[in-house]
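Worksheet for the structure shown next.
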Amino acid sequence: MGNFSVIREFVLLGFSHLHEFQILLFALILLIYVLTVLGNLAIITLTCLNSRLHSPMCFFLCNFSLMEMLVTCTVVPRMLADLLTTHKTMSLAECLTQSFFYFSLGSTNFLILTVMAFDRYMAICHPLHYPTIMNGPVCMKLVVVCWVVGFLSIISPTLQKTQLWFCGPNVIDHYFCDSAPLLKLSCSDTRHIEHMDFFLSLVFVLATMLLIVVSYILIVAAVLHIPSSSGHQKAFSTCASHLTVVVLGYGSAIFIYVRPGKGHSTHLKKSVALLTAVVTPFLNPFIFTFWNEKVKEVIEDMTERILLRDPAAHR
């Protein structure tokens, strides 16, 4: 490697091809980002402060909202800064740090979604044992395991990337430090890291999705044995928000990471990644609020108290 200059700084192209729409794109993404943070913070605050939301399902939803907010905060502020400047460079340390947190939080997200599916399975298929099995300590342990496994799994590939040589070019055709575009720029042999990334994608995307599918097959089988149609509707309504988020999250992740799709354009991949990092976290608070009856009831009660200036709201 002595004949090559070692590169330790990279240029993020981002959405430079849309240079005439940079300001408009900045305003739109900034608005979505602010609403995303506020929406997820509202879910977390409601869950923590209102005793009616102290249930396993809401506890997992609170952690999922926190995760979605952190994923967005990992990517969007840097993207917004790059939209307003021509100096879009990022050091290797910054690049790997951003990549580590993005994929760690993303992996933990998939595990949380899997735990939420298991929670719905226990609530619908084993309602008598549900309060005993899904108690507070068990829920806390499940969430801690999700966080620990999600973060530990990304440490090894990240450390291996610190040992790579980069001798040019140094342009990453993305708006954040994604793994595949970074590995393409390396002059080292990256096959082992690529295989590891693909294996982790299979584990955290396809394996967890399989567990979710199995859970819902068992849920559907149990619901079909409920005699009343109102029972069917009530059971399925508790799963609707989770299923909607699963479809949005897993669809884009499979497109980008499990099926790299060499035939797809880079711009299309960036657009789908933008859906995962910006749009989906923005929609999730609305999806969960719309389908979750308890959350809707709490929001309606709080709204009525504020509008009517009920003295009980200030107690």
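Scheme for the structure tokens: letters A, B, ... for chains in order shown; per-chain residue numbers from 1; ligand numbers from 1 in order shown.
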
Selection near Pro127 in chain A, 12 Å with only C-alpha atoms, sequence-local residues under 5 positions removed, as a ChimeraX atom specification: /A:119-122,132-134,219,222-223,235

Writing out the chosen residues with N, CA and C atoms as a CSV table (one decimal), in the first residue's frame:
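This is the output file out-v9.csv:
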chain,number,residue,atom,x,y,z
A,119,ASP,N,-45.7,-10.6,22.2
A,119,ASP,CA,-46.6,-10.1,23.2
A,119,ASP,C,-48.1,-10.2,22.7
A,120,ARG,N,-48.3,-9.9,21.4
A,120,ARG,CA,-49.7,-10.1,20.9
A,120,ARG,C,-50.1,-11.6,20.8
A,121,TYR,N,-49.2,-12.4,20.5
A,121,TYR,CA,-49.5,-13.9,20.5
A,121,TYR,C,-49.9,-14.3,21.9
A,122,MET,N,-49.1,-13.9,22.9
A,122,MET,CA,-49.5,-14.3,24.3
A,122,MET,C,-50.8,-13.8,24.7
A,132,THR,N,-49.3,-13.3,33.9
A,132,THR,CA,-48.2,-13.9,34.7
A,132,THR,C,-46.9,-14.0,33.9
A,133,ILE,N,-47.0,-14.3,32.6
A,133,ILE,CA,-45.8,-14.5,31.8
A,133,ILE,C,-45.2,-13.1,31.4
A,134,MET,N,-46.1,-12.2,31.0
A,134,MET,CA,-45.6,-10.9,30.5
A,134,MET,C,-45.7,-9.9,31.6
A,219,ILE,N,-51.9,-16.5,15.8
A,219,ILE,CA,-52.9,-15.6,16.2
A,219,ILE,C,-54.2,-15.7,15.4
A,222,ALA,N,-56.1,-18.7,16.3
A,222,ALA,CA,-56.8,-18.6,17.6
A,222,ALA,C,-58.0,-17.7,17.4
A,223,VAL,N,-57.9,-16.6,16.7
A,223,VAL,CA,-59.0,-15.7,16.5
A,223,VAL,C,-60.1,-16.3,15.8
A,235,ALA,N,-59.7,-8.4,18.5
A,235,ALA,CA,-58.4,-9.1,18.5
A,235,ALA,C,-57.6,-8.6,17.3

Contacts of Met69 in chain A at 8 Å (only C-alpha atoms; same-chain gap of 6+ positions) as a list in words: Thr36, Val37, Asn40 and Pro281 of chain A

Generate the output file for the selected residues, C-alpha atoms, as a PDB file, in the first residue's frame.
ATOM      1  CA  THR A  36     -41.117  12.830  13.997  1.00  0.00           C
ATOM      2  CA  VAL A  37     -39.259  13.827  17.161  1.00  0.00           C
ATOM      3  CA  ASN A  40     -42.380   9.915  19.216  1.00  0.00           C
ATOM      4  CA  PRO A 281     -40.439   6.995  11.870  1.00  0.00           C
TER       5      PRO A 281
END

Mind checking which residues fall within 12 Å of Phe64 in chain A, counting only C-alpha atoms, ignoring those fewer than 5 positions away in the same chain, and posting them as a PDB file with N, CA, C and O atoms, in the first residue's frame?
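out_22.pdb was written with the following content:
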ATOM      1  N   ASN A  40     -42.915  11.025  18.419  1.00  0.00           N
ATOM      2  CA  ASN A  40     -42.380   9.915  19.216  1.00  0.00           C
ATOM      3  C   ASN A  40     -42.175  10.316  20.667  1.00  0.00           C
ATOM      4  O   ASN A  40     -42.386   9.501  21.581  1.00  0.00           O
ATOM      5  N   LEU A  41     -41.768  11.582  20.914  1.00  0.00           N
ATOM      6  CA  LEU A  41     -41.657  12.058  22.287  1.00  0.00           C
ATOM      7  C   LEU A  41     -43.019  12.072  22.981  1.00  0.00           C
ATOM      8  O   LEU A  41     -43.123  11.776  24.180  1.00  0.00           O
ATOM      9  N   ILE A  43     -45.524  10.008  22.376  1.00  0.00           N
ATOM     10  CA  ILE A  43     -45.864   8.617  22.725  1.00  0.00           C
ATOM     11  C   ILE A  43     -45.113   8.198  23.983  1.00  0.00           C
ATOM     12  O   ILE A  43     -45.671   7.575  24.889  1.00  0.00           O
ATOM     13  N   ILE A  44     -43.807   8.526  24.051  1.00  0.00           N
ATOM     14  CA  ILE A  44     -42.988   8.155  25.214  1.00  0.00           C
ATOM     15  C   ILE A  44     -43.508   8.841  26.474  1.00  0.00           C
ATOM     16  O   ILE A  44     -43.637   8.219  27.537  1.00  0.00           O
ATOM     17  N   THR A  47     -46.905   7.402  27.613  1.00  0.00           N
ATOM     18  CA  THR A  47     -46.733   6.065  28.189  1.00  0.00           C
ATOM     19  C   THR A  47     -46.157   6.124  29.589  1.00  0.00           C
ATOM     20  O   THR A  47     -46.557   5.364  30.473  1.00  0.00           O
ATOM     21  N   MET A  57     -47.729  -4.044  26.115  1.00  0.00           N
ATOM     22  CA  MET A  57     -47.789  -3.563  24.739  1.00  0.00           C
ATOM     23  C   MET A  57     -47.330  -2.112  24.635  1.00  0.00           C
ATOM     24  O   MET A  57     -46.544  -1.746  23.754  1.00  0.00           O
ATOM     25  N   CYS A  58     -47.786  -1.266  25.558  1.00  0.00           N
ATOM     26  CA  CYS A  58     -47.405   0.144  25.538  1.00  0.00           C
ATOM     27  C   CYS A  58     -45.944   0.337  25.941  1.00  0.00           C
ATOM     28  O   CYS A  58     -45.284   1.262  25.471  1.00  0.00           O
ATOM     29  N   PHE A  59     -45.458  -0.530  26.819  1.00  0.00           N
ATOM     30  CA  PHE A  59     -44.050  -0.471  27.207  1.00  0.00           C
ATOM     31  C   PHE A  59     -43.150  -0.752  26.002  1.00  0.00           C
ATOM     32  O   PHE A  59     -42.162  -0.048  25.767  1.00  0.00           O
ATOM     33  N   MET A  69     -36.922   7.321  17.011  1.00  0.00           N
ATOM     34  CA  MET A  69     -36.449   8.696  17.151  1.00  0.00           C
ATOM     35  C   MET A  69     -34.931   8.754  17.086  1.00  0.00           C
ATOM     36  O   MET A  69     -34.354   9.644  16.441  1.00  0.00           O
ATOM     37  N   LEU A  70     -34.253   7.797  17.731  1.00  0.00           N
ATOM     38  CA  LEU A  70     -32.792   7.782  17.729  1.00  0.00           C
ATOM     39  C   LEU A  70     -32.240   7.467  16.338  1.00  0.00           C
ATOM     40  O   LEU A  70     -31.220   8.031  15.925  1.00  0.00           O
ATOM     41  N   VAL A  71     -32.893   6.550  15.612  1.00  0.00           N
ATOM     42  CA  VAL A  71     -32.467   6.243  14.242  1.00  0.00           C
ATOM     43  C   VAL A  71     -32.517   7.495  13.379  1.00  0.00           C
ATOM     44  O   VAL A  71     -31.588   7.804  12.624  1.00  0.00           O
ATOM     45  N   LEU A 105     -29.119   0.435  16.123  1.00  0.00           N
ATOM     46  CA  LEU A 105     -30.492   0.813  16.447  1.00  0.00           C
ATOM     47  C   LEU A 105     -31.490   0.117  15.523  1.00  0.00           C
ATOM     48  O   LEU A 105     -32.564  -0.311  15.964  1.00  0.00           O
ATOM     49  N   GLY A 106     -31.123  -0.006  14.243  1.00  0.00           N
ATOM     50  CA  GLY A 106     -31.999  -0.703  13.309  1.00  0.00           C
ATOM     51  C   GLY A 106     -32.180  -2.165  13.670  1.00  0.00           C
ATOM     52  O   GLY A 106     -33.298  -2.708  13.620  1.00  0.00           O
ATOM     53  N   SER A 107     -31.078  -2.835  14.050  1.00  0.00           N
ATOM     54  CA  SER A 107     -31.152  -4.238  14.456  1.00  0.00           C
ATOM     55  C   SER A 107     -32.007  -4.391  15.708  1.00  0.00           C
ATOM     56  O   SER A 107     -32.834  -5.314  15.805  1.00  0.00           O
ATOM     57  N   THR A 108     -31.834  -3.487  16.654  1.00  0.00           N
ATOM     58  CA  THR A 108     -32.633  -3.531  17.882  1.00  0.00           C
ATOM     59  C   THR A 108     -34.104  -3.306  17.562  1.00  0.00           C
ATOM     60  O   THR A 108     -34.988  -3.915  18.187  1.00  0.00           O
ATOM     61  N   ASN A 109     -34.381  -2.449  16.587  1.00  0.00           N
ATOM     62  CA  ASN A 109     -35.751  -2.200  16.157  1.00  0.00           C
ATOM     63  C   ASN A 109     -36.444  -3.470  15.698  1.00  0.00           C
ATOM     64  O   ASN A 109     -37.595  -3.739  16.057  1.00  0.00           O
ATOM     65  N   PHE A 110     -35.761  -4.259  14.879  1.00  0.00           N
ATOM     66  CA  PHE A 110     -36.350  -5.502  14.388  1.00  0.00           C
ATOM     67  C   PHE A 110     -36.614  -6.480  15.527  1.00  0.00           C
ATOM     68  O   PHE A 110     -37.620  -7.196  15.527  1.00  0.00           O
ATOM     69  N   LEU A 111     -35.718  -6.506  16.510  1.00  0.00           N
ATOM     70  CA  LEU A 111     -35.919  -7.384  17.661  1.00  0.00           C
ATOM     71  C   LEU A 111     -37.108  -6.923  18.500  1.00  0.00           C
ATOM     72  O   LEU A 111     -37.894  -7.751  18.990  1.00  0.00           O
ATOM     73  N   ILE A 112     -37.252  -5.606  18.660  1.00  0.00           N
ATOM     74  CA  ILE A 112     -38.394  -5.076  19.407  1.00  0.00           C
ATOM     75  C   ILE A 112     -39.706  -5.423  18.697  1.00  0.00           C
ATOM     76  O   ILE A 112     -40.700  -5.810  19.338  1.00  0.00           O
ATOM     77  N   LEU A 113     -39.733  -5.310  17.379  1.00  0.00           N
ATOM     78  CA  LEU A 113     -40.931  -5.675  16.621  1.00  0.00           C
ATOM     79  C   LEU A 113     -41.272  -7.146  16.812  1.00  0.00           C
ATOM     80  O   LEU A 113     -42.446  -7.524  16.884  1.00  0.00           O
ATOM     81  N   THR A 114     -40.239  -7.987  16.903  1.00  0.00           N
ATOM     82  CA  THR A 114     -40.459  -9.412  17.130  1.00  0.00           C
ATOM     83  C   THR A 114     -41.039  -9.659  18.516  1.00  0.00           C
ATOM     84  O   THR A 114     -41.966 -10.469  18.682  1.00  0.00           O
ATOM     85  N   VAL A 115     -40.517  -8.965  19.512  1.00  0.00           N
ATOM     86  CA  VAL A 115     -41.039  -9.089  20.874  1.00  0.00           C
ATOM     87  C   VAL A 115     -42.487  -8.603  20.938  1.00  0.00           C
ATOM     88  O   VAL A 115     -43.324  -9.189  21.637  1.00  0.00           O
ATOM     89  N   MET A 116     -42.810  -7.550  20.195  1.00  0.00           N
ATOM     90  CA  MET A 116     -44.183  -7.050  20.158  1.00  0.00           C
ATOM     91  C   MET A 116     -45.121  -8.079  19.546  1.00  0.00           C
ATOM     92  O   MET A 116     -46.266  -8.235  19.991  1.00  0.00           O
ATOM     93  N   VAL A 143     -36.561  -6.319  26.650  1.00  0.00           N
ATOM     94  CA  VAL A 143     -36.089  -5.090  26.007  1.00  0.00           C
ATOM     95  C   VAL A 143     -34.577  -4.950  26.153  1.00  0.00           C
ATOM     96  O   VAL A 143     -33.879  -4.571  25.195  1.00  0.00           O
ATOM     97  N   CYS A 146     -32.872  -7.183  23.725  1.00  0.00           N
ATOM     98  CA  CYS A 146     -32.945  -6.604  22.372  1.00  0.00           C
ATOM     99  C   CYS A 146     -31.863  -5.550  22.171  1.00  0.00           C
ATOM    100  O   CYS A 146     -31.172  -5.534  21.143  1.00  0.00           O
ATOM    101  N   TRP A 147     -31.707  -4.651  23.159  1.00  0.00           N
ATOM    102  CA  TRP A 147     -30.696  -3.604  23.054  1.00  0.00           C
ATOM    103  C   TRP A 147     -29.287  -4.198  23.017  1.00  0.00           C
ATOM    104  O   TRP A 147     -28.471  -3.824  22.169  1.00  0.00           O
ATOM    105  N   HIS A 242     -49.247  -2.812  14.617  1.00  0.00           N
ATOM    106  CA  HIS A 242     -47.981  -3.542  14.573  1.00  0.00           C
ATOM    107  C   HIS A 242     -47.732  -4.118  13.191  1.00  0.00           C
ATOM    108  O   HIS A 242     -46.624  -4.022  12.649  1.00  0.00           O
ATOM    109  N   VAL A 245     -46.667  -1.363  10.671  1.00  0.00           N
ATOM    110  CA  VAL A 245     -45.272  -0.961  10.850  1.00  0.00           C
ATOM    111  C   VAL A 245     -44.323  -2.048  10.360  1.00  0.00           C
ATOM    112  O   VAL A 245     -43.280  -1.757   9.759  1.00  0.00           O
ATOM    113  N   VAL A 246     -44.679  -3.309  10.593  1.00  0.00           N
ATOM    114  CA  VAL A 246     -43.858  -4.430  10.129  1.00  0.00           C
ATOM    115  C   VAL A 246     -43.729  -4.414   8.609  1.00  0.00           C
ATOM    116  O   VAL A 246     -42.635  -4.570   8.053  1.00  0.00           O
ATOM    117  N   PRO A 281     -40.383   6.498  10.485  1.00  0.00           N
ATOM    118  CA  PRO A 281     -40.439   6.995  11.870  1.00  0.00           C
ATOM    119  C   PRO A 281     -41.444   8.133  12.060  1.00  0.00           C
ATOM    120  O   PRO A 281     -41.993   8.304  13.151  1.00  0.00           O
ATOM    121  N   ASN A 284     -45.040   6.308  12.125  1.00  0.00           N
ATOM    122  CA  ASN A 284     -45.313   5.356  13.201  1.00  0.00           C
ATOM    123  C   ASN A 284     -46.155   5.908  14.345  1.00  0.00           C
ATOM    124  O   ASN A 284     -47.090   5.227  14.800  1.00  0.00           O
ATOM    125  N   PRO A 285     -45.877   7.122  14.875  1.00  0.00           N
ATOM    126  CA  PRO A 285     -46.735   7.627  15.959  1.00  0.00           C
ATOM    127  C   PRO A 285     -48.194   7.735  15.541  1.00  0.00           C
ATOM    128  O   PRO A 285     -49.096   7.441  16.337  1.00  0.00           O
ATOM    129  N   PHE A 288     -49.702   4.033  15.263  1.00  0.00           N
ATOM    130  CA  PHE A 288     -49.995   3.436  16.564  1.00  0.00           C
ATOM    131  C   PHE A 288     -51.119   4.175  17.277  1.00  0.00           C
ATOM    132  O   PHE A 288     -51.923   3.569  17.983  1.00  0.00           O
TER     133      PHE A 288
END

With range 154-176 of chain A as the partner and 12 Å as the cut-off, tabulate the residues of range 13-105 of chain A that qualify, each row holding the nearest pair of atoms and their distance in Å to one decimal, using only C-alpha atoms, sorted by chain and rising number, as a tab-separated table.
residue	atom	partner	partner_atom	distance
A:Leu13	CA	A:Asp173	CA	5.0
A:Gly14	CA	A:Tyr175	CA	3.8
A:Phe15	CA	A:Tyr175	CA	6.9
A:Ser16	CA	A:Tyr175	CA	9.4
A:His17	CA	A:Asp173	CA	10.5
A:Val71	CA	A:Phe176	CA	11.8
A:Thr72	CA	A:Phe176	CA	11.4
A:Cys73	CA	A:Phe176	CA	11.9
A:Thr74	CA	A:Phe176	CA	9.2
A:Val75	CA	A:Phe176	CA	6.4
A:Val76	CA	A:Phe176	CA	8.7
A:Pro77	CA	A:Phe176	CA	10.4
A:Arg78	CA	A:Phe176	CA	7.9
A:Met79	CA	A:Tyr175	CA	6.1
A:Leu80	CA	A:Tyr175	CA	9.6
A:Ala81	CA	A:Tyr175	CA	10.7
A:Asp82	CA	A:Tyr175	CA	8.3
A:Leu83	CA	A:Tyr175	CA	9.5
A:Lys88	CA	A:Tyr175	CA	9.6
A:Thr89	CA	A:Val171	CA	9.0
A:Met90	CA	A:Phe176	CA	9.5
A:Ser91	CA	A:Asn170	CA	10.5
A:Leu92	CA	A:Thr162	CA	8.1
A:Ala93	CA	A:Thr162	CA	8.2
A:Glu94	CA	A:Phe176	CA	10.4
A:Cys95	CA	A:Phe176	CA	7.9
A:Leu96	CA	A:Thr158	CA	6.7
A:Thr97	CA	A:Thr158	CA	8.5
A:Gln98	CA	A:Phe176	CA	7.8
A:Ser99	CA	A:Phe176	CA	7.9
A:Phe100	CA	A:Ile154	CA	6.5
A:Phe101	CA	A:Ile154	CA	8.7
A:Tyr102	CA	A:Phe176	CA	9.4
A:Phe103	CA	A:Ile154	CA	7.0
A:Ser104	CA	A:Ile154	CA	6.0
A:Leu105	CA	A:Ile154	CA	9.7

Go ahead and write the selection's residues with N, CA and C atoms as a tab-separated table (two decimals), in the first residue's frame.
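Writing the result to out05.tsv gives the following:
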chain	number	residue	atom	x	y	z
A	13	LEU	N	-22.36	12.36	-1.38
A	13	LEU	CA	-23.07	13.00	-2.48
A	13	LEU	C	-24.47	13.42	-2.07
A	14	GLY	N	-25.11	12.59	-1.23
A	14	GLY	CA	-26.46	12.91	-0.80
A	14	GLY	C	-27.41	13.04	-1.97
A	15	PHE	N	-28.13	14.15	-2.01
A	15	PHE	CA	-29.07	14.41	-3.10
A	15	PHE	C	-28.57	15.56	-3.97
A	16	SER	N	-27.27	15.52	-4.27
A	16	SER	CA	-26.67	16.58	-5.09
A	16	SER	C	-27.27	16.64	-6.49
A	17	HIS	N	-27.79	15.49	-6.97
A	17	HIS	CA	-28.38	15.49	-8.32
A	17	HIS	C	-29.68	16.29	-8.36
A	71	VAL	N	-32.89	6.55	15.61
A	71	VAL	CA	-32.47	6.24	14.24
A	71	VAL	C	-32.52	7.49	13.38
A	72	THR	N	-33.62	8.23	13.50
A	72	THR	CA	-33.78	9.47	12.73
A	72	THR	C	-32.72	10.50	13.11
A	73	CYS	N	-32.45	10.62	14.43
A	73	CYS	CA	-31.45	11.59	14.89
A	73	CYS	C	-30.03	11.21	14.47
A	74	THR	N	-29.81	9.94	14.19
A	74	THR	CA	-28.49	9.49	13.74
A	74	THR	C	-28.18	9.95	12.32
A	75	VAL	N	-29.22	10.07	11.50
A	75	VAL	CA	-29.03	10.32	10.07
A	75	VAL	C	-29.44	11.73	9.63
A	76	VAL	N	-30.61	12.17	10.08
A	76	VAL	CA	-31.23	13.36	9.50
A	76	VAL	C	-30.47	14.67	9.78
A	77	PRO	N	-29.99	14.95	11.01
A	77	PRO	CA	-29.29	16.22	11.21
A	77	PRO	C	-28.11	16.42	10.26
A	78	ARG	N	-27.33	15.37	10.03
A	78	ARG	CA	-26.21	15.48	9.10
A	78	ARG	C	-26.71	15.69	7.67
A	79	MET	N	-27.80	15.01	7.31
A	79	MET	CA	-28.38	15.18	5.98
A	79	MET	C	-28.85	16.61	5.77
A	80	LEU	N	-29.48	17.18	6.77
A	80	LEU	CA	-29.95	18.57	6.67
A	80	LEU	C	-28.79	19.54	6.52
A	81	ALA	N	-27.72	19.29	7.27
A	81	ALA	CA	-26.55	20.17	7.17
A	81	ALA	C	-25.93	20.09	5.77
A	82	ASP	N	-25.88	18.89	5.20
A	82	ASP	CA	-25.29	18.72	3.88
A	82	ASP	C	-26.13	19.36	2.79
A	83	LEU	N	-27.44	19.46	3.00
A	83	LEU	CA	-28.30	20.09	2.01
A	83	LEU	C	-28.05	21.58	1.88
A	88	LYS	N	-19.33	18.70	2.09
A	88	LYS	CA	-20.05	17.53	2.57
A	88	LYS	C	-19.11	16.39	2.94
A	89	THR	N	-18.01	16.72	3.56
A	89	THR	CA	-17.03	15.69	3.90
A	89	THR	C	-17.31	15.12	5.29
A	90	MET	N	-16.86	13.87	5.47
A	90	MET	CA	-17.01	13.17	6.73
A	90	MET	C	-15.77	12.32	6.95
A	91	SER	N	-15.19	12.40	8.14
A	91	SER	CA	-14.00	11.59	8.43
A	91	SER	C	-14.40	10.12	8.56
A	92	LEU	N	-13.40	9.24	8.46
A	92	LEU	CA	-13.67	7.81	8.60
A	92	LEU	C	-14.24	7.50	9.98
A	93	ALA	N	-13.73	8.15	11.01
A	93	ALA	CA	-14.23	7.91	12.38
A	93	ALA	C	-15.70	8.32	12.49
A	94	GLU	N	-16.04	9.49	11.93
A	94	GLU	CA	-17.43	9.94	11.94
A	94	GLU	C	-18.32	9.00	11.14
A	95	CYS	N	-17.81	8.55	10.01
A	95	CYS	CA	-18.55	7.65	9.13
A	95	CYS	C	-18.88	6.34	9.84
A	96	LEU	N	-17.87	5.73	10.46
A	96	LEU	CA	-18.06	4.45	11.13
A	96	LEU	C	-18.93	4.60	12.38
A	97	THR	N	-18.82	5.73	13.06
A	97	THR	CA	-19.66	5.97	14.22
A	97	THR	C	-21.12	6.07	13.84
A	98	GLN	N	-21.40	6.84	12.79
A	98	GLN	CA	-22.77	6.97	12.31
A	98	GLN	C	-23.31	5.62	11.85
A	99	SER	N	-22.50	4.88	11.09
A	99	SER	CA	-22.90	3.56	10.60
A	99	SER	C	-23.19	2.61	11.75
A	100	PHE	N	-22.33	2.63	12.79
A	100	PHE	CA	-22.51	1.73	13.93
A	100	PHE	C	-23.85	1.98	14.62
A	101	PHE	N	-24.15	3.23	14.92
A	101	PHE	CA	-25.39	3.53	15.64
A	101	PHE	C	-26.62	3.29	14.76
A	102	TYR	N	-26.50	3.60	13.46
A	102	TYR	CA	-27.64	3.38	12.57
A	102	TYR	C	-28.02	1.91	12.51
A	103	PHE	N	-27.02	1.05	12.31
A	103	PHE	CA	-27.32	-0.38	12.17
A	103	PHE	C	-27.59	-1.04	13.53
A	104	SER	N	-26.98	-0.56	14.59
A	104	SER	CA	-27.28	-1.10	15.92
A	104	SER	C	-28.72	-0.81	16.31
A	105	LEU	N	-29.12	0.44	16.12
A	105	LEU	CA	-30.49	0.81	16.45
A	105	LEU	C	-31.49	0.12	15.52

Residue set, range 82-272 of chain A restricted to alpha helix (DSSP H), as a PyMOL selection string: chain A and resi 82-83+92-125+130-133+136-161+179-184+191-201+208-223+229-253+266-272

Would you export the selected residues with C-alpha atoms as a compact mmCIF listing (two decimals), in the first residue's frame, please?
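Result file follows (selection-v8.txt):
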# COMPACT_ATOMS: atom_id res chain seq x y z
CA ASP A 82 -25.29 18.72 3.88
CA LEU A 83 -28.30 20.09 2.01
CA LEU A 92 -13.67 7.81 8.60
CA ALA A 93 -14.23 7.91 12.38
CA GLU A 94 -17.43 9.94 11.94
CA CYS A 95 -18.55 7.65 9.13
CA LEU A 96 -18.06 4.45 11.13
CA THR A 97 -19.66 5.97 14.22
CA GLN A 98 -22.77 6.97 12.31
CA SER A 99 -22.90 3.56 10.60
CA PHE A 100 -22.51 1.73 13.93
CA PHE A 101 -25.39 3.53 15.64
CA TYR A 102 -27.64 3.38 12.57
CA PHE A 103 -27.32 -0.38 12.17
CA SER A 104 -27.28 -1.10 15.92
CA LEU A 105 -30.49 0.81 16.45
CA GLY A 106 -32.00 -0.70 13.31
CA SER A 107 -31.15 -4.24 14.46
CA THR A 108 -32.63 -3.53 17.88
CA ASN A 109 -35.75 -2.20 16.16
CA PHE A 110 -36.35 -5.50 14.39
CA LEU A 111 -35.92 -7.38 17.66
CA ILE A 112 -38.39 -5.08 19.41
CA LEU A 113 -40.93 -5.68 16.62
CA THR A 114 -40.46 -9.41 17.13
CA VAL A 115 -41.04 -9.09 20.87
CA MET A 116 -44.18 -7.05 20.16
CA ALA A 117 -45.46 -9.88 17.95
CA PHE A 118 -44.76 -12.37 20.76
CA ASP A 119 -46.64 -10.09 23.17
CA ARG A 120 -49.70 -10.07 20.88
CA TYR A 121 -49.46 -13.86 20.52
CA MET A 122 -49.45 -14.34 24.31
CA ALA A 123 -52.30 -11.83 24.81
CA ILE A 124 -54.59 -13.45 22.23
CA CYS A 125 -53.61 -17.12 22.32
CA TYR A 130 -50.61 -13.49 29.82
CA PRO A 131 -50.50 -11.37 33.03
CA THR A 132 -48.23 -13.92 34.70
CA ILE A 133 -45.83 -14.47 31.81
CA GLY A 136 -42.89 -6.11 34.39
CA PRO A 137 -39.52 -7.81 35.03
CA VAL A 138 -39.93 -10.11 32.02
CA CYS A 139 -40.76 -7.20 29.72
CA MET A 140 -37.76 -5.26 31.00
CA LYS A 141 -35.46 -8.24 30.44
CA LEU A 142 -36.77 -8.72 26.89
CA VAL A 143 -36.09 -5.09 26.01
CA VAL A 144 -32.61 -5.18 27.57
CA VAL A 145 -31.77 -8.33 25.57
CA CYS A 146 -32.95 -6.60 22.37
CA TRP A 147 -30.70 -3.60 23.05
CA VAL A 148 -27.67 -5.69 24.04
CA VAL A 149 -27.92 -8.13 21.11
CA GLY A 150 -28.61 -5.34 18.61
CA PHE A 151 -25.53 -3.35 19.63
CA LEU A 152 -23.11 -6.24 20.26
CA SER A 153 -23.81 -7.75 16.83
CA ILE A 154 -22.57 -4.63 15.01
CA ILE A 155 -19.34 -4.21 17.00
CA SER A 156 -17.33 -6.87 15.12
CA PRO A 157 -18.03 -5.67 11.54
CA THR A 158 -17.45 -2.06 12.63
CA LEU A 159 -14.06 -2.90 14.16
CA GLN A 160 -13.10 -4.78 11.00
CA LYS A 161 -13.96 -1.73 8.90
CA SER A 179 -22.04 -0.05 4.70
CA ALA A 180 -22.17 -1.20 1.06
CA PRO A 181 -21.15 2.15 -0.56
CA LEU A 182 -18.30 2.47 1.95
CA LEU A 183 -16.97 -1.05 1.29
CA LYS A 184 -16.97 -0.36 -2.46
CA ARG A 191 -15.46 -10.16 1.09
CA HIS A 192 -15.47 -11.33 4.72
CA ILE A 193 -17.14 -8.12 5.93
CA GLU A 194 -19.67 -8.26 3.10
CA HIS A 195 -20.54 -11.86 4.02
CA MET A 196 -20.89 -10.86 7.67
CA ASP A 197 -23.14 -7.92 6.78
CA PHE A 198 -25.31 -10.18 4.65
CA PHE A 199 -25.50 -12.80 7.40
CA LEU A 200 -26.56 -10.17 9.95
CA SER A 201 -29.18 -8.93 7.48
CA THR A 208 -37.17 -12.03 12.86
CA MET A 209 -39.75 -11.63 10.08
CA LEU A 210 -40.22 -15.41 10.04
CA LEU A 211 -40.87 -15.38 13.80
CA ILE A 212 -43.41 -12.57 13.34
CA VAL A 213 -45.16 -14.46 10.53
CA VAL A 214 -45.36 -17.61 12.67
CA SER A 215 -46.76 -15.57 15.57
CA TYR A 216 -49.49 -14.12 13.39
CA ILE A 217 -50.37 -17.48 11.85
CA LEU A 218 -50.99 -18.75 15.39
CA ILE A 219 -52.90 -15.56 16.23
CA VAL A 220 -55.17 -15.91 13.19
CA ALA A 221 -55.80 -19.55 14.02
CA ALA A 222 -56.78 -18.60 17.58
CA VAL A 223 -58.97 -15.68 16.50
CA SER A 229 -67.48 -11.17 15.04
CA SER A 230 -66.90 -8.40 17.58
CA GLY A 231 -64.29 -10.62 19.19
CA HIS A 232 -62.59 -11.01 15.81
CA GLN A 233 -62.54 -7.27 15.29
CA LYS A 234 -61.21 -6.52 18.76
CA ALA A 235 -58.44 -9.10 18.46
CA PHE A 236 -57.32 -7.96 15.02
CA SER A 237 -57.49 -4.25 15.95
CA THR A 238 -54.81 -4.80 18.61
CA CYS A 239 -52.49 -6.19 15.91
CA ALA A 240 -53.26 -3.81 13.04
CA SER A 241 -50.79 -1.07 13.97
CA HIS A 242 -47.98 -3.54 14.57
CA LEU A 243 -48.61 -5.29 11.24
CA THR A 244 -48.64 -1.96 9.37
CA VAL A 245 -45.27 -0.96 10.85
CA VAL A 246 -43.86 -4.43 10.13
CA VAL A 247 -44.82 -4.17 6.44
CA LEU A 248 -43.27 -0.70 6.10
CA GLY A 249 -40.07 -1.53 7.96
CA TYR A 250 -39.37 -4.97 6.58
CA GLY A 251 -40.31 -4.13 3.00
CA SER A 252 -37.69 -1.41 2.64
CA ALA A 253 -35.04 -3.34 4.63
CA THR A 266 -28.48 4.12 -6.73
CA HIS A 267 -31.04 6.94 -6.63
CA LEU A 268 -33.85 4.41 -6.12
CA LYS A 269 -31.96 2.77 -3.24
CA LYS A 270 -31.37 6.16 -1.63
CA SER A 271 -35.07 6.97 -1.94
CA VAL A 272 -36.06 3.69 -0.28
